[in-house]
$ cat structure-v9.cif   # mmCIF, C-alpha atoms
data_input
loop_
_atom_site.group_PDB
_atom_site.id
_atom_site.type_symbol
_atom_site.label_atom_id
_atom_site.label_comp_id
_atom_site.auth_asym_id
_atom_site.auth_seq_id
_atom_site.Cartn_x
_atom_site.Cartn_y
_atom_site.Cartn_z
ATOM 1 C CA MET I 1 -3.097 -0.189 -8.960
ATOM 2 C CA ASP I 2 0.602 -0.797 -9.212
ATOM 3 C CA ILE I 3 1.876 -2.858 -6.293
ATOM 4 C CA GLN I 4 5.429 -1.607 -6.643
ATOM 5 C CA THR I 5 4.329 2.046 -6.547
ATOM 6 C CA LEU I 6 2.208 1.446 -3.444
ATOM 7 C CA THR I 7 5.094 -0.309 -1.709
ATOM 8 C CA VAL I 8 7.476 2.569 -2.414
ATOM 9 C CA TRP I 9 4.849 5.074 -1.226
ATOM 10 C CA ILE I 10 4.319 3.160 2.029
ATOM 11 C CA ARG I 11 8.071 2.935 2.646
ATOM 12 C CA GLY I 12 8.408 6.678 2.140
ATOM 13 C CA HIS I 13 5.618 7.480 4.563
ATOM 14 C CA TYR I 14 6.986 5.032 7.119
ATOM 15 C CA ALA I 15 10.363 6.753 6.911
ATOM 16 C CA ALA I 16 8.624 10.108 7.414
ATOM 17 C CA LEU I 17 6.804 8.733 10.455
ATOM 18 C CA ARG I 18 10.039 7.450 11.918
ATOM 19 C CA ALA I 19 11.872 10.705 11.243
ATOM 20 C CA GLY I 20 8.955 12.680 12.667
ATOM 21 C CA LYS I 21 9.170 10.854 15.974
ATOM 22 C CA ASP I 22 12.867 11.637 16.175
ATOM 23 C CA ALA I 23 12.350 15.277 15.182
ATOM 24 C CA GLY I 24 9.610 15.833 17.767
ATOM 25 C CA GLN I 25 6.640 16.429 15.486
ATOM 26 C CA THR I 26 3.270 16.942 17.107
ATOM 27 C CA SER I 27 1.006 13.998 17.708
ATOM 28 C CA THR I 28 -1.475 15.376 15.152
ATOM 29 C CA GLU I 29 1.135 15.366 12.403
ATOM 30 C CA LEU I 30 2.207 11.853 13.327
ATOM 31 C CA ALA I 31 -1.439 10.722 13.377
ATOM 32 C CA LEU I 32 -1.949 12.066 9.852
ATOM 33 C CA ILE I 33 1.095 10.181 8.599
ATOM 34 C CA ALA I 34 -0.063 7.011 10.394
ATOM 35 C CA GLY I 35 -3.516 7.400 8.840
ATOM 36 C CA ALA I 36 -1.964 7.725 5.402
ATOM 37 C CA LEU I 37 0.015 4.550 6.086
ATOM 38 C CA LEU I 38 -3.173 2.681 6.978
ATOM 39 C CA VAL I 39 -4.853 3.844 3.771
ATOM 40 C CA GLY I 40 -1.786 2.822 1.774
ATOM 41 C CA ALA I 41 -1.745 -0.607 3.406
ATOM 42 C CA GLY I 42 -5.424 -1.076 2.578
ATOM 43 C CA LEU I 43 -4.794 -0.134 -1.031
ATOM 44 C CA LEU I 44 -1.883 -2.566 -1.168
ATOM 45 C CA VAL I 45 -4.094 -5.394 0.103
ATOM 46 C CA LEU I 46 -6.729 -4.487 -2.478
ATOM 47 C CA ALA I 47 -4.125 -4.433 -5.255
ATOM 48 C CA LEU I 48 -2.749 -7.827 -4.223
ATOM 49 C CA ARG I 49 -6.221 -9.335 -4.044
ATOM 50 C CA THR I 50 -7.076 -7.957 -7.485
ATOM 51 C CA LYS I 51 -3.820 -9.274 -8.952
ATOM 52 C CA LEU I 52 -4.430 -12.710 -7.458
ATOM 53 C CA GLY I 53 -7.995 -12.665 -8.733
ATOM 54 C CA GLU I 54 -6.725 -11.978 -12.220
ATOM 55 C CA LYS I 55 -4.081 -14.686 -12.031
ATOM 56 C CA ILE I 56 -6.082 -17.436 -10.396
ATOM 57 C CA GLY I 57 -9.584 -16.486 -11.437
ATOM 58 C CA ILE I 58 -11.290 -18.318 -8.566
ATOM 59 C CA ILE I 59 -11.076 -15.839 -5.679
ATOM 60 C CA ASN I 60 -14.541 -14.549 -4.889
ATOM 61 C CA GLY I 61 -15.601 -11.983 -2.320
ATOM 62 C CA GLY I 62 -16.005 -14.256 0.658
#
$ encode --input "structure-v9.cif" --output "structure tokens"
Amino acid sequence: MDIQTLTVWIRGHYAALRAGKDAGQTSTELALIAGALLVGAGLLVLALRTKLGEKIGIINGG
């Protein structure tokens, strides 16, 4: 996973969430965007952990 790509994707979805609030989107549409943001954040954490694991080599699962 590319950390830079995930960061750009999250920023784009956050901007959409912000614009949606201002434009009066329904709560369902905003919830879908928020859910996508949570998934993106989880993927970013996973990518960072993997990258650190590769660099340091001592991070284990727990």
$ closest_residue --input "structure-v9.cif" --among "I:Ala16, I:Leu6, I:Lys51, I:Lys21" --to "I:Ile33" --atoms "only C-alpha atoms"
I:Ala16
$ closest_residue --input "structure-v9.cif" --among "I:Lys55, I:Ala23, I:Gly12, I:Thr5" --to "I:Ala36" --atoms "all atoms listed in the file"
I:Gly12
$ atom_distance --input "structure-v9.cif" --atom1 "atom CA of I:Ala47" --atom2 "atom CA of I:Ala31"
24.2 Å
$ residues_around --input "structure-v9.cif" --residues "I:Leu32" --least-positions-apart "5" --cutoff "12 Å" --atoms "all atoms listed in the file" --output "PyMOL selection string"
chain I and resi 13-14+16-17+20+25-27+37-39
$ axis_aligned_box --input "structure-v9.cif" --around "stretch 30-38 of chain I" --padding-each-side "6 Å" --output "lines of an AutoDock Vina configuration file"
center_x = -0.7
center_y = 7.4
center_z = 9.4
size_x = 17.7
size_y = 21.4
size_z = 20.0
$ atom_distance --input "structure-v9.cif" --atom1 "atom CA of I:Thr7" --atom2 "atom CA of I:Leu44"
7.4 Å
$ atom_distance --input "structure-v9.cif" --atom1 "atom CA of I:Gly40" --atom2 "atom CA of I:Trp9"
7.6 Å
$ closest_residue --input "structure-v9.cif" --among "I:Ile56, I:Ala41, I:Leu48, I:Leu30" --to "I:Ile10" --atoms "all atoms listed in the file"
I:Ala41
$ closest_residue --input "structure-v9.cif" --among "I:Leu46, I:Gly57, I:Ala19, I:Glu29" --to "I:Ile3" --atoms "all atoms listed in the file"
I:Leu46
$ closest_residue --input "structure-v9.cif" --among "I:Leu43, I:Ala34, I:Ala15, I:Leu52" --to "I:Asp2" --atoms "all atoms listed in the file"
I:Leu43
